[in-house]
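*Asks:* A single structure is presented below for examination.
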Amino acid sequence: MDMQLAGKKVLITGGSRGIGAGLADAFAQEGCALMLVSRSEASLEALRDDLRTRHGVAIDTLALDLTSPQAPKTLVQAFGDADILINNAGAIPGGDLWRVDGKRWREAWELKVMGYIDVTREFYACMRERGHGVILNNIGSGGETFDFNYIAGTAGNAALMAFTRALGGRSLHHGIRVLGVNPGPVATQRIEDLMRTRAQEQFGDPEEYARLFEKLPLGRPAHVREVADLFVFLASPRSSYTSGTIFTVDGGMASNQSIS
C-alpha cells in the first residue's frame with residue numbers, strides 16, 4: 001500500500017536508537033526526508049550514513065539536549081518546516097514511589113513530559129500557520145495500566161495521553177492531526193534494562209529477566225517494526241480522519257490486567 005508520504009519531512013526526537021531508529025528506518029523506506037535529533041552526535045551520524053546507503057533519502061541531524069530551556073526554539077529554528085513531528089525522546093525510570101526520588105522523577109518528566117509539550121507548542125504554531133501537519137507522541141502503555149513499580153512512568157504517560165487527546169480533539173480546525181501511540185514492552189535495550197531491574201527485585205538475579213518475557217503475549221516483547229509501521233500509517237493521508245486518540249500496541253496487555 002502506498003502511504004503517500006514520499007517527500008514529506010519527518011522530524012524524530014530521540015531518533016538515534018531504539019524505537020526512534022526504527023521509526024527513522026520505516027519513514028526512510030517510504031521516501032521521507034528525515035530530521036533526526038538526539039544527544040549523541042556519533043549515534044546520529046552512524047544511523048544517518050546507514051539510512052542514506054540503504055534508502056537514498058535526505059537526512060539532517062542535530063545533536064541537542066532537549067532538556068535545555070532553549071531546546072524547543074532551537075529545534076523549530078532548525079526544522080520548523082517539518083510536515084510530521086514525532087515526539088519520541090525520553091525514558092522515565094522504573095521503580096516505586098520510594099525508589100524514584102523527587103530529583104530523578106523531575107528530570108525524567110522534564111524530558112519526556114514537559115519536553116513533548118514544549119516541542120509541540122513550538123511546532124503546532126508553525127503547522128497552524130501553514131494549515132497542515134501531523135504530531136505523533138510516542139507515549140507508552142504504562143499510562144493505561146497504572147503500574148505500582150513504574151509509578152513515575154505511569155503518571156507521566158497518563159498526563160501525555162490526556163495532553164494528546166485534549167490537543168487533538170480540536171486540532172483538526174487548524175489542519176493538524178495530533179495522535180498518540182502506546183507501545184507495551186518493545187525489544188529494545190531499554191526494556192531489557194527494565195526487566196533486569198524487575199528480575200533482581202522478584203528473583204534476586206537480573207539474569208532471570210527472560211522469565212518475565214515469558215509472561216508477555218506471544219512470549220516476547222513487540223518488535224520495533226511492529227510499532228514503527230503503525231506510526232507510518234497514522235502519519236499518512238490514509239489516516240486523515242484520526243486525531244485526538246491513542247493507539248495501543250501491547251498484545252492486549254492493557255485489556256488483560258492479569259498479565260503482569
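In the C-alpha cells, chains take letters A, B, ... by order of appearance, with residues numbered from 1 within each chain and ligands from 1 in the order shown.
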Hey, could you make a per-residue contact list for segment 113-193 of chain A against segment 64-69 of chain A with 9 Å as the cut-off, showing the nearest pair of atoms and its distance in Å to one decimal, counting only C-alpha atoms, sorted by chain and number, as CSV?

*Replies:*
```
residue,atom,partner,partner_atom,distance
A:Met114,CA,A:Thr67,CA,8.8
A:Gly115,CA,A:Leu66,CA,6.7
A:Val119,CA,A:Leu66,CA,8.9
```

*Asks:* Extract the full set of strand (DSSP E) residues from segment 31-237 of chain A according to DSSP on the backbone, and format it as an MDAnalysis selection string.

*Replies:* chainID A and resid 33:38 59:63 84:87 133:138 176:183

*Asks:* Using DSSP on the backbone coordinates, identify all residues within segment 6-131 of chain A classified as alpha helix (DSSP H); present the result as a PyMOL selection string.

*Replies:* chain A and resi 18-29+41-55+71-79+102-130

*Asks:* My list of candidates is A:Asn149, A:Ser141, A:Thr188, A:Gln77. Which is closest to Met253 of chain A when distances are computed with only C-alpha atoms?

*Replies:*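 Closest to Met253 of chain A, using only C-alpha atoms: A:Ser141.
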
*Asks:* Where does segment 110-193 of chain A meet segment 80-97 of chain A within 9 Å, residue by residue, with the nearest atom pair and distance in Å to one decimal for each, counting only C-alpha atoms, listed by chain and rising number, as JSON lines?

*Replies:*
```
{"residue": "A:Glu110", "atom": "CA", "partner": "A:Gly90", "partner_atom": "CA", "distance": 8.9}
{"residue": "A:Leu111", "atom": "CA", "partner": "A:Gly90", "partner_atom": "CA", "distance": 5.5}
{"residue": "A:Lys112", "atom": "CA", "partner": "A:Gly90", "partner_atom": "CA", "distance": 4.6}
{"residue": "A:Val113", "atom": "CA", "partner": "A:Gly90", "partner_atom": "CA", "distance": 8.4}
{"residue": "A:Gly115", "atom": "CA", "partner": "A:Ala89", "partner_atom": "CA", "distance": 8.1}
{"residue": "A:Tyr116", "atom": "CA", "partner": "A:Asn87", "partner_atom": "CA", "distance": 5.8}
{"residue": "A:Val119", "atom": "CA", "partner": "A:Asn87", "partner_atom": "CA", "distance": 7.9}
{"residue": "A:Thr120", "atom": "CA", "partner": "A:Asn87", "partner_atom": "CA", "distance": 8.0}
{"residue": "A:Glu122", "atom": "CA", "partner": "A:Gly80", "partner_atom": "CA", "distance": 8.4}
{"residue": "A:Phe123", "atom": "CA", "partner": "A:Gly80", "partner_atom": "CA", "distance": 6.5}
{"residue": "A:Cys126", "atom": "CA", "partner": "A:Gly80", "partner_atom": "CA", "distance": 6.5}
{"residue": "A:Met127", "atom": "CA", "partner": "A:Asp83", "partner_atom": "CA", "distance": 7.6}
{"residue": "A:His132", "atom": "CA", "partner": "A:Asp83", "partner_atom": "CA", "distance": 7.5}
{"residue": "A:Gly133", "atom": "CA", "partner": "A:Asp83", "partner_atom": "CA", "distance": 5.1}
{"residue": "A:Val134", "atom": "CA", "partner": "A:Ile84", "partner_atom": "CA", "distance": 4.8}
{"residue": "A:Ile135", "atom": "CA", "partner": "A:Leu85", "partner_atom": "CA", "distance": 4.8}
{"residue": "A:Leu136", "atom": "CA", "partner": "A:Ile86", "partner_atom": "CA", "distance": 4.8}
{"residue": "A:Asn137", "atom": "CA", "partner": "A:Asn87", "partner_atom": "CA", "distance": 4.9}
{"residue": "A:Asn138", "atom": "CA", "partner": "A:Asn88", "partner_atom": "CA", "distance": 5.2}
{"residue": "A:Ile139", "atom": "CA", "partner": "A:Asn88", "partner_atom": "CA", "distance": 7.7}
{"residue": "A:Asp147", "atom": "CA", "partner": "A:Asp96", "partner_atom": "CA", "distance": 8.7}
{"residue": "A:Phe148", "atom": "CA", "partner": "A:Asp96", "partner_atom": "CA", "distance": 5.8}
{"residue": "A:Asn149", "atom": "CA", "partner": "A:Asp96", "partner_atom": "CA", "distance": 4.5}
{"residue": "A:Tyr150", "atom": "CA", "partner": "A:Gly94", "partner_atom": "CA", "distance": 4.6}
{"residue": "A:Ile151", "atom": "CA", "partner": "A:Asp96", "partner_atom": "CA", "distance": 5.6}
{"residue": "A:Ala152", "atom": "CA", "partner": "A:Ile92", "partner_atom": "CA", "distance": 6.7}
{"residue": "A:Gly153", "atom": "CA", "partner": "A:Ile92", "partner_atom": "CA", "distance": 5.3}
{"residue": "A:Gly156", "atom": "CA", "partner": "A:Ile92", "partner_atom": "CA", "distance": 8.0}
{"residue": "A:Arg190", "atom": "CA", "partner": "A:Ala91", "partner_atom": "CA", "distance": 8.1}
```

*Asks:* Do a neighbour search on segment 164-167 of chain A at 8 Å with only C-alpha atoms, toss out local chain neighbours closer than 3 positions, and write the hits as an MDAnalysis selection string.

*Replies:* chainID A and resid 137 160:161 170:171 178:180 243:246

*Asks:* Could the residues in this selection be written to a file with C-alpha atoms, as a short mmCIF file (atom, residue, chain, number, x, y, z; two decimals), in the first residue's frame?

*Replies:*
```cif
data_model
loop_
_atom_site.label_atom_id
_atom_site.label_comp_id
_atom_site.auth_asym_id
_atom_site.auth_seq_id
_atom_site.Cartn_x
_atom_site.Cartn_y
_atom_site.Cartn_z
CA ASN A 137 3.50 11.27 20.52
CA LEU A 160 0.71 12.77 27.92
CA MET A 161 -2.34 10.76 26.95
CA ARG A 170 -9.58 20.50 18.47
CA SER A 171 -6.53 20.49 16.20
CA VAL A 178 -2.41 15.03 16.96
CA LEU A 179 -2.21 11.36 17.94
CA GLY A 180 -0.56 9.12 20.49
CA SER A 243 -6.98 12.87 15.68
CA GLY A 244 -7.15 13.19 19.45
CA THR A 245 -6.92 9.47 20.11
CA ILE A 246 -4.41 6.91 21.40
#
```

*Asks:* Find, counting only C-alpha atoms, the residue in A:Asp101, A:Asp25, A:Leu11, A:Ala155 that gets nearest to Gly140 of chain A.

*Replies:* A:Ala155
